[in-house]
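For reference, structure.pdb is printed below; it contains PDB, C-alpha atoms.
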MODEL        1
ATOM      1  CA  MET A   1      86.470 -15.730  95.871
ATOM      2  CA  SER A   2      86.957 -19.455  95.883
ATOM      3  CA  ARG A   3      86.511 -21.616  92.851
ATOM      4  CA  ASP A   4      83.453 -23.282  94.313
ATOM      5  CA  ALA A   5      81.725 -19.950  94.791
ATOM      6  CA  THR A   6      82.519 -18.883  91.234
ATOM      7  CA  ALA A   7      81.145 -22.099  89.845
ATOM      8  CA  ARG A   8      77.982 -21.775  91.865
ATOM      9  CA  GLY A   9      77.508 -18.207  90.572
ATOM     10  CA  ARG A  10      77.888 -19.239  86.937
ATOM     11  CA  ALA A  11      75.441 -22.076  87.390
ATOM     12  CA  ALA A  12      72.911 -19.703  88.903
ATOM     13  CA  ALA A  13      73.319 -17.274  86.033
ATOM     14  CA  GLY A  14      72.763 -20.048  83.452
ATOM     15  CA  ALA A  15      69.619 -21.115  85.230
ATOM     16  CA  VAL A  16      68.267 -17.560  85.080
ATOM     17  CA  VAL A  17      68.955 -17.338  81.328
ATOM     18  CA  ALA A  18      67.302 -20.688  80.675
ATOM     19  CA  LEU A  19      64.245 -19.630  82.643
ATOM     20  CA  ALA A  20      63.981 -16.363  80.709
ATOM     21  CA  LEU A  21      64.127 -18.121  77.321
ATOM     22  CA  ALA A  22      61.467 -20.533  78.390
ATOM     23  CA  CYS A  23      59.176 -17.660  79.349
ATOM     24  CA  GLY A  24      59.630 -15.865  75.994
ATOM     25  CA  CYS A  25      61.486 -12.932  77.428
ATOM     26  CA  THR A  26      64.890 -11.620  76.458
ATOM     27  CA  ALA A  27      67.464 -12.161  79.065
ATOM     28  CA  GLN A  28      69.244  -9.160  80.416
ATOM     29  CA  ALA A  29      72.958  -9.097  79.846
ATOM     30  CA  VAL A  30      74.829 -10.265  82.838
ATOM     31  CA  GLU A  31      78.151  -8.783  83.620
ATOM     32  CA  THR A  32      80.268 -11.697  84.461
ATOM     33  CA  THR A  33      83.653 -10.234  84.394
ATOM     34  CA  SER A  34      85.011  -6.876  84.173
ATOM     35  CA  LYS A  35      86.673  -7.732  80.869
ATOM     36  CA  ASP A  36      83.355  -8.482  79.089
ATOM     37  CA  LYS A  37      82.050  -5.735  76.777
ATOM     38  CA  LYS A  38      78.975  -3.970  77.926
ATOM     39  CA  SER A  39      76.024  -4.461  75.464
ATOM     40  CA  PRO A  40      73.218  -1.958  75.408
ATOM     41  CA  ALA A  41      70.166  -2.966  77.302
ATOM     42  CA  THR A  42      67.225  -4.015  75.173
ATOM     43  CA  ARG A  43      63.697  -3.459  76.232
ATOM     44  CA  PRO A  44      61.515  -6.537  76.379
ATOM     45  CA  PRO A  45      58.657  -6.433  73.870
ATOM     46  CA  SER A  46      55.340  -5.409  75.228
ATOM     47  CA  ALA A  47      52.625  -7.943  75.489
ATOM     48  CA  ASN A  48      50.482  -6.164  72.785
ATOM     49  CA  SER A  49      53.238  -5.655  70.248
ATOM     50  CA  SER A  50      54.049  -8.162  67.543
ATOM     51  CA  PRO A  51      57.542  -8.796  66.337
ATOM     52  CA  THR A  52      58.559  -7.044  63.156
ATOM     53  CA  PRO A  53      60.142  -9.026  60.323
ATOM     54  CA  SER A  54      63.520  -7.821  61.383
ATOM     55  CA  GLU A  55      62.811  -9.016  64.905
ATOM     56  CA  SER A  56      61.482 -12.432  63.792
ATOM     57  CA  PRO A  57      63.561 -15.108  65.443
ATOM     58  CA  LEU A  58      63.000 -17.359  62.436
ATOM     59  CA  LYS A  59      65.398 -17.031  59.606
ATOM     60  CA  LYS A  60      64.099 -16.975  56.013
ATOM     61  CA  MET A  61      64.386 -20.449  54.589
ATOM     62  CA  LYS A  62      65.083 -21.047  50.932
ATOM     63  CA  SER A  63      62.516 -23.300  49.298
ATOM     64  CA  PRO A  64      64.085 -26.552  48.193
ATOM     65  CA  VAL A  65      61.806 -26.509  45.102
ATOM     66  CA  SER A  66      62.583 -24.066  42.255
ATOM     67  CA  ARG A  67      59.880 -21.724  40.900
ATOM     68  CA  ALA A  68      60.103 -23.398  37.512
ATOM     69  CA  GLU A  69      59.074 -26.706  39.082
ATOM     70  CA  LEU A  70      55.851 -25.309  40.583
ATOM     71  CA  PRO A  71      52.641 -26.190  38.665
ATOM     72  CA  GLN A  72      51.270 -23.310  36.599
ATOM     73  CA  SER A  73      47.879 -21.882  37.515
ATOM     74  CA  ARG A  74      45.158 -23.306  35.268
ATOM     75  CA  THR A  75      42.698 -20.941  33.550
ATOM     76  CA  PRO A  76      39.533 -22.090  31.750
ATOM     77  CA  ASP A  77      40.088 -22.734  28.104
ATOM     78  CA  VAL A  78      38.270 -20.012  26.022
ATOM     79  CA  PRO A  79      37.840 -20.886  22.374
ATOM     80  CA  SER A  80      39.373 -18.287  20.133
ATOM     81  CA  THR A  81      36.986 -16.364  17.878
ATOM     82  CA  PRO A  82      37.985 -16.481  14.227
ATOM     83  CA  SER A  83      38.272 -13.127  12.503
ATOM     84  CA  THR A  84      36.048 -14.204   9.615
ATOM     85  CA  PRO A  85      32.981 -16.467   9.878
ATOM     86  CA  PRO A  86      33.286 -19.881   8.327
ATOM     87  CA  PRO A  87      31.756 -20.178   4.872
ATOM     88  CA  ARG A  88      28.160 -21.270   4.814
ATOM     89  CA  PRO A  89      27.308 -24.419   2.996
ATOM     90  CA  ARG A  90      25.820 -23.776  -0.394
ATOM     91  CA  THR A  91      22.146 -24.510  -0.683
ATOM     92  CA  SER A  92      20.210 -24.580  -3.894
ATOM     93  CA  THR A  93      17.204 -22.198  -4.100
ATOM     94  CA  PRO A  94      14.023 -24.127  -4.690
ATOM     95  CA  PRO A  95      12.142 -23.119  -7.841
ATOM     96  CA  PRO A  96       9.048 -20.929  -7.355
ATOM     97  CA  PRO A  97       5.768 -22.791  -7.121
ATOM     98  CA  ALA A  98       3.918 -23.249 -10.353
ATOM     99  CA  PRO A  99       0.856 -21.012 -10.883
ATOM    100  CA  PRO A 100      -2.431 -22.698 -10.021
ATOM    101  CA  GLU A 101      -4.394 -24.192 -12.845
ATOM    102  CA  PRO A 102      -7.032 -21.791 -14.211
ATOM    103  CA  GLY A 103     -10.674 -22.396 -13.486
ATOM    104  CA  PRO A 104     -13.541 -22.402 -15.954
ATOM    105  CA  VAL A 105     -13.447 -19.508 -18.418
ATOM    106  CA  VAL A 106     -15.886 -16.674 -17.698
ATOM    107  CA  LEU A 107     -14.972 -14.252 -20.529
ATOM    108  CA  ALA A 108     -12.638 -14.560 -23.512
ATOM    109  CA  ARG A 109     -11.729 -12.939 -26.824
ATOM    110  CA  GLY A 110     -14.553 -12.328 -29.237
ATOM    111  CA  GLN A 111     -17.205 -11.782 -26.578
ATOM    112  CA  ASP A 112     -19.007  -8.497 -25.985
ATOM    113  CA  GLY A 113     -21.687  -7.036 -23.792
ATOM    114  CA  ARG A 114     -22.157  -5.471 -20.389
ATOM    115  CA  LYS A 115     -20.119  -8.145 -18.577
ATOM    116  CA  VAL A 116     -17.100  -7.266 -20.727
ATOM    117  CA  ARG A 117     -17.652  -3.592 -19.904
ATOM    118  CA  GLU A 118     -17.610  -4.431 -16.204
ATOM    119  CA  LEU A 119     -14.350  -6.377 -16.645
ATOM    120  CA  GLN A 120     -12.769  -3.431 -18.460
ATOM    121  CA  ALA A 121     -14.063  -0.898 -15.918
ATOM    122  CA  ARG A 122     -12.706  -2.933 -12.991
ATOM    123  CA  LEU A 123      -9.317  -3.314 -14.685
ATOM    124  CA  ARG A 124      -9.350   0.431 -15.319
ATOM    125  CA  GLN A 125      -9.910   1.122 -11.599
ATOM    126  CA  ILE A 126      -6.552  -0.511 -10.738
ATOM    127  CA  GLY A 127      -4.645   0.805 -13.755
ATOM    128  CA  TRP A 128      -4.569  -2.245 -16.028
ATOM    129  CA  PHE A 129      -6.927  -0.960 -18.746
ATOM    130  CA  GLY A 130      -6.004   2.438 -20.144
ATOM    131  CA  GLN A 131      -8.994   2.961 -22.422
ATOM    132  CA  ASN A 132     -12.653   3.626 -21.848
ATOM    133  CA  PRO A 133     -14.742   0.468 -21.655
ATOM    134  CA  THR A 134     -16.031  -0.601 -25.049
ATOM    135  CA  GLY A 135     -17.860  -3.822 -24.224
ATOM    136  CA  THR A 136     -15.750  -5.790 -26.720
ATOM    137  CA  TYR A 137     -13.171  -8.376 -25.576
ATOM    138  CA  GLY A 138     -10.338  -7.689 -28.040
ATOM    139  CA  PRO A 139      -6.513  -7.836 -28.006
ATOM    140  CA  VAL A 140      -6.198  -4.812 -25.678
ATOM    141  CA  THR A 141      -8.465  -6.406 -23.097
ATOM    142  CA  ALA A 142      -6.662  -9.773 -23.382
ATOM    143  CA  THR A 143      -3.275  -8.077 -22.834
ATOM    144  CA  ALA A 144      -4.616  -6.263 -19.768
ATOM    145  CA  VAL A 145      -5.989  -9.498 -18.300
ATOM    146  CA  GLU A 146      -2.702 -11.308 -18.974
ATOM    147  CA  GLY A 147      -0.721  -8.595 -17.164
ATOM    148  CA  PHE A 148      -3.098  -8.732 -14.199
ATOM    149  CA  GLN A 149      -2.741 -12.520 -14.032
ATOM    150  CA  GLY A 150       1.059 -12.413 -14.092
ATOM    151  CA  LYS A 151       1.171  -9.819 -11.311
ATOM    152  CA  ARG A 152      -1.022 -11.984  -9.068
ATOM    153  CA  GLY A 153       0.781 -15.273  -9.688
ATOM    154  CA  LEU A 154      -1.951 -16.693 -11.905
ATOM    155  CA  LEU A 155      -1.477 -18.526 -15.153
ATOM    156  CA  ARG A 156      -1.081 -15.954 -17.937
ATOM    157  CA  THR A 157      -3.734 -16.929 -20.458
ATOM    158  CA  GLY A 158      -5.396 -13.614 -21.339
ATOM    159  CA  ALA A 159      -8.773 -15.249 -20.778
ATOM    160  CA  THR A 160     -10.800 -14.386 -17.688
ATOM    161  CA  ASP A 161     -11.277 -17.608 -15.727
ATOM    162  CA  THR A 162     -12.995 -17.969 -12.363
ATOM    163  CA  ARG A 163      -9.742 -17.534 -10.379
ATOM    164  CA  THR A 164      -8.930 -14.307 -12.239
ATOM    165  CA  TRP A 165     -12.470 -12.986 -11.920
ATOM    166  CA  ASP A 166     -12.679 -13.691  -8.168
ATOM    167  CA  ARG A 167      -9.326 -11.984  -7.546
ATOM    168  CA  LEU A 168     -10.430  -8.949  -9.579
ATOM    169  CA  LEU A 169     -13.729  -8.704  -7.680
ATOM    170  CA  ALA A 170     -11.859  -8.734  -4.358
ATOM    171  CA  MET A 171      -9.623  -5.829  -5.423
ATOM    172  CA  THR A 172     -12.231  -3.534  -7.024
ATOM    173  CA  ARG A 173     -15.693  -2.093  -6.429
ATOM    174  CA  GLU A 174     -18.899  -2.149  -8.421
ATOM    175  CA  PRO A 175     -18.477   0.268 -11.355
ATOM    176  CA  THR A 176     -20.931   3.122 -11.736
ATOM    177  CA  LYS A 177     -22.860   3.678 -14.943
ATOM    178  CA  ALA A 178     -20.632   6.613 -15.761
ATOM    179  CA  GLU A 179     -17.588   4.307 -15.424
ATOM    180  CA  LEU A 180     -19.196   1.634 -17.567
ATOM    181  CA  TYR A 181     -20.248   4.094 -20.283
ATOM    182  CA  PRO A 182     -17.881   7.092 -20.138
ATOM    183  CA  ASP A 183     -18.192   7.543 -23.901
ATOM    184  CA  GLY A 184     -21.888   6.805 -24.063
ATOM    185  CA  GLY A 185     -23.623   3.759 -25.409
ATOM    186  CA  MET A 186     -25.545   3.315 -22.156
ATOM    187  CA  PRO A 187     -28.739   1.282 -22.505
ATOM    188  CA  PRO A 188     -31.821   3.515 -22.313
ATOM    189  CA  ALA A 189     -33.546   3.724 -18.960
ATOM    190  CA  LYS A 190     -37.029   2.464 -18.360
ATOM    191  CA  PRO A 191     -39.328   4.913 -20.180
ATOM    192  CA  ASP A 192     -41.280   7.399 -18.146
ATOM    193  CA  ARG A 193     -45.026   6.681 -18.220
ATOM    194  CA  ARG A 194     -45.562   9.927 -20.167
ATOM    195  CA  CYS A 195     -43.475   8.437 -22.988
ATOM    196  CA  LEU A 196     -45.767   5.446 -23.558
ATOM    197  CA  THR A 197     -48.359   7.244 -25.680
ATOM    198  CA  GLY A 198     -48.081   9.364 -28.815
ATOM    199  CA  ARG A 199     -44.953  10.688 -30.543
ATOM    200  CA  VAL A 200     -42.342  11.505 -27.891
ATOM    201  CA  MET A 201     -38.655  12.354 -27.557
ATOM    202  CA  CYS A 202     -38.090  10.489 -24.269
ATOM    203  CA  ILE A 203     -34.934  11.862 -22.593
ATOM    204  CA  SER A 204     -33.406  10.239 -19.464
ATOM    205  CA  LYS A 205     -30.778  12.092 -17.451
ATOM    206  CA  GLU A 206     -29.830   8.909 -15.603
ATOM    207  CA  SER A 207     -28.946   6.878 -18.684
ATOM    208  CA  ARG A 208     -28.003   9.982 -20.722
ATOM    209  CA  THR A 209     -30.047   8.811 -23.668
ATOM    210  CA  LEU A 210     -32.725  10.188 -26.003
ATOM    211  CA  THR A 211     -35.164   7.628 -27.381
ATOM    212  CA  TRP A 212     -37.558   8.586 -30.140
ATOM    213  CA  MET A 213     -40.755   6.651 -29.397
ATOM    214  CA  VAL A 214     -43.997   6.237 -31.304
ATOM    215  CA  ASP A 215     -46.963   4.768 -29.438
ATOM    216  CA  GLY A 216     -44.762   3.208 -26.749
ATOM    217  CA  LYS A 217     -42.245   1.639 -29.150
ATOM    218  CA  ALA A 218     -38.592   2.735 -29.304
ATOM    219  CA  VAL A 219     -37.496   3.708 -32.809
ATOM    220  CA  THR A 220     -34.061   5.363 -32.374
ATOM    221  CA  THR A 221     -31.769   5.876 -29.360
ATOM    222  CA  VAL A 222     -28.820   8.320 -29.238
ATOM    223  CA  ASP A 223     -26.392   9.530 -26.536
ATOM    224  CA  VAL A 224     -26.990  12.985 -25.054
ATOM    225  CA  ARG A 225     -25.454  15.338 -22.519
ATOM    226  CA  PHE A 226     -27.014  18.202 -20.596
ATOM    227  CA  GLY A 227     -26.316  21.614 -19.134
ATOM    228  CA  SER A 228     -23.985  22.278 -16.214
ATOM    229  CA  GLU A 229     -25.109  22.978 -12.643
ATOM    230  CA  TYR A 230     -25.093  26.706 -13.499
ATOM    231  CA  THR A 231     -27.145  26.272 -16.698
ATOM    232  CA  PRO A 232     -29.199  23.122 -16.013
ATOM    233  CA  THR A 233     -31.471  21.494 -18.540
ATOM    234  CA  ARG A 234     -35.091  21.846 -17.491
ATOM    235  CA  GLU A 235     -37.080  18.755 -16.554
ATOM    236  CA  GLY A 236     -40.729  18.077 -17.307
ATOM    237  CA  GLU A 237     -43.079  17.625 -20.255
ATOM    238  CA  PHE A 238     -42.786  20.049 -23.223
ATOM    239  CA  GLN A 239     -43.668  20.339 -26.909
ATOM    240  CA  VAL A 240     -41.519  21.082 -29.954
ATOM    241  CA  PHE A 241     -42.495  24.594 -31.030
ATOM    242  CA  TRP A 242     -39.818  25.313 -33.659
ATOM    243  CA  LYS A 243     -37.373  23.394 -35.858
ATOM    244  CA  ASN A 244     -34.314  24.811 -37.646
ATOM    245  CA  ARG A 245     -31.978  22.587 -39.676
ATOM    246  CA  ASP A 246     -28.977  25.006 -39.726
ATOM    247  CA  HIS A 247     -29.547  27.109 -36.666
ATOM    248  CA  VAL A 248     -26.741  29.281 -35.186
ATOM    249  CA  SER A 249     -27.020  30.593 -31.637
ATOM    250  CA  THR A 250     -27.243  34.382 -31.520
ATOM    251  CA  LEU A 251     -26.375  34.333 -27.814
ATOM    252  CA  TYR A 252     -23.209  32.191 -27.989
ATOM    253  CA  ASP A 253     -22.481  32.472 -31.735
ATOM    254  CA  THR A 254     -22.181  28.691 -32.116
ATOM    255  CA  PRO A 255     -23.828  26.390 -34.690
ATOM    256  CA  MET A 256     -26.785  24.256 -33.534
ATOM    257  CA  PRO A 257     -27.560  21.898 -36.466
ATOM    258  CA  TYR A 258     -30.872  19.985 -36.415
ATOM    259  CA  ALA A 259     -32.232  22.204 -33.637
ATOM    260  CA  MET A 260     -35.658  21.352 -32.198
ATOM    261  CA  PHE A 261     -36.683  23.954 -29.590
ATOM    262  CA  PHE A 262     -38.926  22.851 -26.709
ATOM    263  CA  SER A 263     -38.508  25.446 -23.881
ATOM    264  CA  GLY A 264     -37.397  29.020 -24.518
ATOM    265  CA  GLY A 265     -33.826  28.914 -25.859
ATOM    266  CA  GLN A 266     -33.331  25.236 -24.950
ATOM    267  CA  ALA A 267     -33.365  22.790 -27.809
ATOM    268  CA  VAL A 268     -32.319  19.291 -28.857
ATOM    269  CA  HIS A 269     -29.485  19.604 -31.421
ATOM    270  CA  TYR A 270     -26.253  18.121 -32.711
ATOM    271  CA  SER A 271     -23.022  19.251 -30.926
ATOM    272  CA  SER A 272     -19.602  18.997 -32.546
ATOM    273  CA  ASP A 273     -18.038  19.749 -29.142
ATOM    274  CA  PHE A 274     -19.806  16.715 -27.651
ATOM    275  CA  ALA A 275     -18.537  14.595 -30.532
ATOM    276  CA  ALA A 276     -14.953  15.773 -29.902
ATOM    277  CA  ARG A 277     -14.747  16.020 -26.092
ATOM    278  CA  GLY A 278     -17.386  13.621 -24.865
ATOM    279  CA  TYR A 279     -18.733  14.140 -21.364
ATOM    280  CA  ASN A 280     -15.822  16.387 -20.388
ATOM    281  CA  GLY A 281     -17.924  19.378 -21.411
ATOM    282  CA  ALA A 282     -21.514  20.519 -20.925
ATOM    283  CA  SER A 283     -24.145  22.575 -22.720
ATOM    284  CA  HIS A 284     -25.750  25.848 -21.748
ATOM    285  CA  GLY A 285     -29.025  24.052 -21.054
ATOM    286  CA  CYS A 286     -29.661  22.382 -24.407
ATOM    287  CA  VAL A 287     -29.784  18.630 -24.988
ATOM    288  CA  ASN A 288     -26.603  17.897 -26.989
ATOM    289  CA  VAL A 289     -26.473  14.912 -29.343
ATOM    290  CA  ARG A 290     -23.109  13.663 -30.652
ATOM    291  CA  ASP A 291     -24.335  11.171 -33.266
ATOM    292  CA  LYS A 292     -24.899  13.407 -36.287
ATOM    293  CA  LYS A 293     -26.511  10.722 -38.427
ATOM    294  CA  GLY A 294     -28.730   9.632 -35.555
ATOM    295  CA  ILE A 295     -30.068  13.118 -34.816
ATOM    296  CA  ALA A 296     -30.556  13.771 -38.519
ATOM    297  CA  LYS A 297     -32.767  10.690 -38.647
ATOM    298  CA  VAL A 298     -34.798  11.838 -35.639
ATOM    299  CA  TYR A 299     -35.068  15.400 -37.018
ATOM    300  CA  LYS A 300     -36.778  14.116 -40.153
ATOM    301  CA  GLN A 301     -39.429  12.266 -38.138
ATOM    302  CA  VAL A 302     -40.198  14.790 -35.405
ATOM    303  CA  ARG A 303     -42.992  17.257 -36.081
ATOM    304  CA  THR A 304     -43.861  20.539 -34.470
ATOM    305  CA  GLY A 305     -46.166  19.821 -31.534
ATOM    306  CA  ASP A 306     -44.592  16.410 -30.674
ATOM    307  CA  LYS A 307     -43.916  15.812 -26.975
ATOM    308  CA  VAL A 308     -40.550  16.151 -25.236
ATOM    309  CA  VAL A 309     -40.290  14.420 -21.836
ATOM    310  CA  ILE A 310     -37.142  15.012 -19.746
ATOM    311  CA  TYR A 311     -36.782  13.080 -16.487
ATOM    312  CA  LYS A 312     -34.112  11.792 -14.137
TER
ENDMDL
END
File written out as C-alpha cells:
Amino acid sequence: MSRDATARGRAAAGAVVALALACGCTAQAVETTSKDKKSPATRPPSANSSPTPSESPLKKMKSPVSRAELPQSRTPDVPSTPSTPPPRPRTSTPPPPAPPEPGPVVLARGQDGRKVRELQARLRQIGWFGQNPTGTYGPVTATAVEGFQGKRGLLRTGATDTRTWDRLLAMTREPTKAELYPDGGMPPAKPDRRCLTGRVMCISKESRTLTWMVDGKAVTTVDVRFGSEYTPTREGEFQVFWKNRDHVSTLYDTPMPYAMFFSGGQAVHYSSDFAARGYNGASHGCVNVRDKKGIAKVYKQVRTGDKVVIYK
C-alpha cells in the first residue's frame, strides 16, 4: 500500500472516532496494525440504562474548600432550664383585718330574764354553753359569748351586742320551752277557765307547773313532772279525796311525802327522784313536785274536797 493510501485510511478512522464521541457512543476498537494489542469489545450502553459511578466519565473533584471552613448549621437557641427555680422575692404578710366595732349592747353581765335564757339556749345548741339555761347573765355566760365572738372574728367583749346577736340568730333556731327550761322554772301557762273560781290546784302539762289558786288569784307556783307514755297522768277535773303527810306507796314501796290523792292511786306529792334527776325520769302517773318547801306550803293550805284541774 502506498503512503497516500495509508494516510487516507488513518484520516478516515479518526473521523469515525470523532463522530462516535460526538454522538455519545463508545467507539469500537479499530485494528490498525497487526502489532496493536486486541482490546475486548465493549457493549454500548443501552438507551434506558444510566451510567454507574464507576462508569461516570467525570472524575471526582476535590473541593478546594476544607470542611472546617464551611459554615456550621444554625439551630434555634433554646434557653437552658435551671435545675432549681430561682428564689422568690420575699413579701411581707399583711396583718389580719381588725375585728369590726361592736354594735349597741343587747345583753350584758348582771341581767336576767327570758331573753338571757334564749341566749344561753342558742349558745347551747352550737356547743358554746355547757350548762342548762338559768336566765342569769353571769361569768359563765360572758365566757361563752366571748368564745363565740372570737371564733366568728368579732370583737371579744363578752357582752352580747347587735352584731353578735344577729350572727347567733343566723346560726341557731328558736329554742323550745323544754330547751329554755330544762330544769324547770317555766312561767305558768294561762290558767284553764275551770281554775278561775274556788280553791284549785291548777296543773298545766305544757308549762309543767302547778299553781295553787284561790278565787282566780295565783298564790304559789312549783315545777312538776308527769307519768310516762305507759303510765300517763290523767287529765280532767278532780277533787282531793285524801291527804297523807308521810305516805309510802304499797305498790312501788317508795315514799310519797305530802301526798294529796285526786284519782285512784294518782296523787300530787314531793319526789326526791325528781329533785335529783330532773326531767330525765318520770312518775307512774302521779304529779311529782321537786320543791319540797313549796309543796309543803301548798299541802298546808289544800283541803279535802278542793279542785284539781289537769290540762295540756
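Shortest atom-to-atom contact with Val289 in chain A among A:Arg245, A:Arg156, A:Lys307, A:Arg225: A:Arg225, counting all atoms listed in the file.
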_Nearest residue to Thr304 in chain A from the set A:Ser271, A:Gln239, A:Thr84, A:Ser263 (distances using all atoms listed in the file)_ = A:Gln239
*Which polymer residues have any atom within 7 Å of an atom of Gln266 in chain A, counting all atoms listed in the file, with same-chain residues fewer than 5 positions away left out, as a count of residues only?*
3
_Output check: residues returned by the PyMOL selection byres ((chain A and resi 148) around 12), as a PyMOL selection string_ = chain A and resi 119-120+122-124+126-129+141-147+149-160+163-165+167-168+171
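Taken over the shown file, the PyMOL selection byres ((chain A and resi 260) around 10) identifies Gln239, Val240, Phe241, Trp242, Lys243, Asn244, Arg245, His247, Met256, Pro257, Tyr258, Ala259, Phe261, Phe262, Ser263, Gln266, Ala267, Val268, His269, Tyr270, Cys286, Val287, Tyr299, Val302, Arg303, Thr304 and Val308 of chain A.
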Expansion of the PyMOL selection byres ((chain A and resi 113) around 12) into residues, as an mmCIF file with C-alpha atoms, keeping the file's coordinate frame:
data_model
loop_
_atom_site.group_PDB
_atom_site.id
_atom_site.type_symbol
_atom_site.label_atom_id
_atom_site.label_comp_id
_atom_site.auth_asym_id
_atom_site.auth_seq_id
_atom_site.Cartn_x
_atom_site.Cartn_y
_atom_site.Cartn_z
ATOM 1 C CA LEU A 107 -14.972 -14.252 -20.529
ATOM 2 C CA ALA A 108 -12.638 -14.560 -23.512
ATOM 3 C CA ARG A 109 -11.729 -12.939 -26.824
ATOM 4 C CA GLY A 110 -14.553 -12.328 -29.237
ATOM 5 C CA GLN A 111 -17.205 -11.782 -26.578
ATOM 6 C CA ASP A 112 -19.007 -8.497 -25.985
ATOM 7 C CA ARG A 114 -22.157 -5.471 -20.389
ATOM 8 C CA LYS A 115 -20.119 -8.145 -18.577
ATOM 9 C CA VAL A 116 -17.100 -7.266 -20.727
ATOM 10 C CA ARG A 117 -17.652 -3.592 -19.904
ATOM 11 C CA GLU A 118 -17.610 -4.431 -16.204
ATOM 12 C CA LEU A 119 -14.350 -6.377 -16.645
ATOM 13 C CA GLN A 120 -12.769 -3.431 -18.460
ATOM 14 C CA PRO A 133 -14.742 0.468 -21.655
ATOM 15 C CA THR A 134 -16.031 -0.601 -25.049
ATOM 16 C CA GLY A 135 -17.860 -3.822 -24.224
ATOM 17 C CA THR A 136 -15.750 -5.790 -26.720
ATOM 18 C CA TYR A 137 -13.171 -8.376 -25.576
ATOM 19 C CA LEU A 180 -19.196 1.634 -17.567
ATOM 20 C CA TYR A 181 -20.248 4.094 -20.283
ATOM 21 C CA GLY A 185 -23.623 3.759 -25.409
ATOM 22 C CA MET A 186 -25.545 3.315 -22.156
ATOM 23 C CA PRO A 187 -28.739 1.282 -22.505
#
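Of the listed residues (A:Gly305, A:Gly265, A:Gly281, A:Pro100), A:Gly305 comes nearest to Gly198 in chain A; the distances count all atoms listed in the file.
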*When distances are computed from all atoms listed in the file, which of A:Thr93, A:Ser249, A:Thr254, A:Ser204 shows the smallest separation from Glu235 in chain A?*
A:Ser204
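Closest approach to Thr197 in chain A among A:Met213, A:Val140, A:Leu169, A:Val219 is made by A:Met213 (distances from only C-alpha atoms).
When CA of Val200 in chain A is paired with CA of Phe238 in chain A, their separation reads 9.7 Å.
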Excluding range 227-233 of chain A and its own-chain neighbours fewer than 6 positions away, which residues fall within 6 Å of it when counting all atoms listed in the file? Please give them as a short mmCIF file (atom, residue, chain, number, x, y, z; two decimals) with C-alpha atoms, in the frame of the given file.
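This went into around-v3.cif:
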data_model
loop_
_atom_site.label_atom_id
_atom_site.label_comp_id
_atom_site.auth_asym_id
_atom_site.auth_seq_id
_atom_site.Cartn_x
_atom_site.Cartn_y
_atom_site.Cartn_z
CA ALA A 282 -21.51 20.52 -20.92
CA SER A 283 -24.14 22.58 -22.72
CA HIS A 284 -25.75 25.85 -21.75
CA GLY A 285 -29.02 24.05 -21.05
#
*Take CA of Val105 in chain A and CA of Ala170 in chain A and report the distance between them in Å, one decimal.*
17.8 Å
Output as AutoDock Vina command-line options the centre and edge lengths (Å, one decimal) of the box along x, y and z of the file that holds every listed atom of range 281-285 of chain A after adding 5 Å on each side.
--center_x -23.5 --center_y 22.6 --center_z -21.8 --size_x 21.1 --size_y 16.5 --size_z 11.8
_Minimum-distance residue to Glu179 in chain A, chosen among A:Val298, A:Ala121, A:Ala276, A:Ala98 (using all atoms listed in the file)_ = A:Ala121
*asked:* What does the structure give for the distance between CA of Pro99 in chain A and CA of Gln131 in chain A, in Å to one decimal?
replied: 28.4 Å
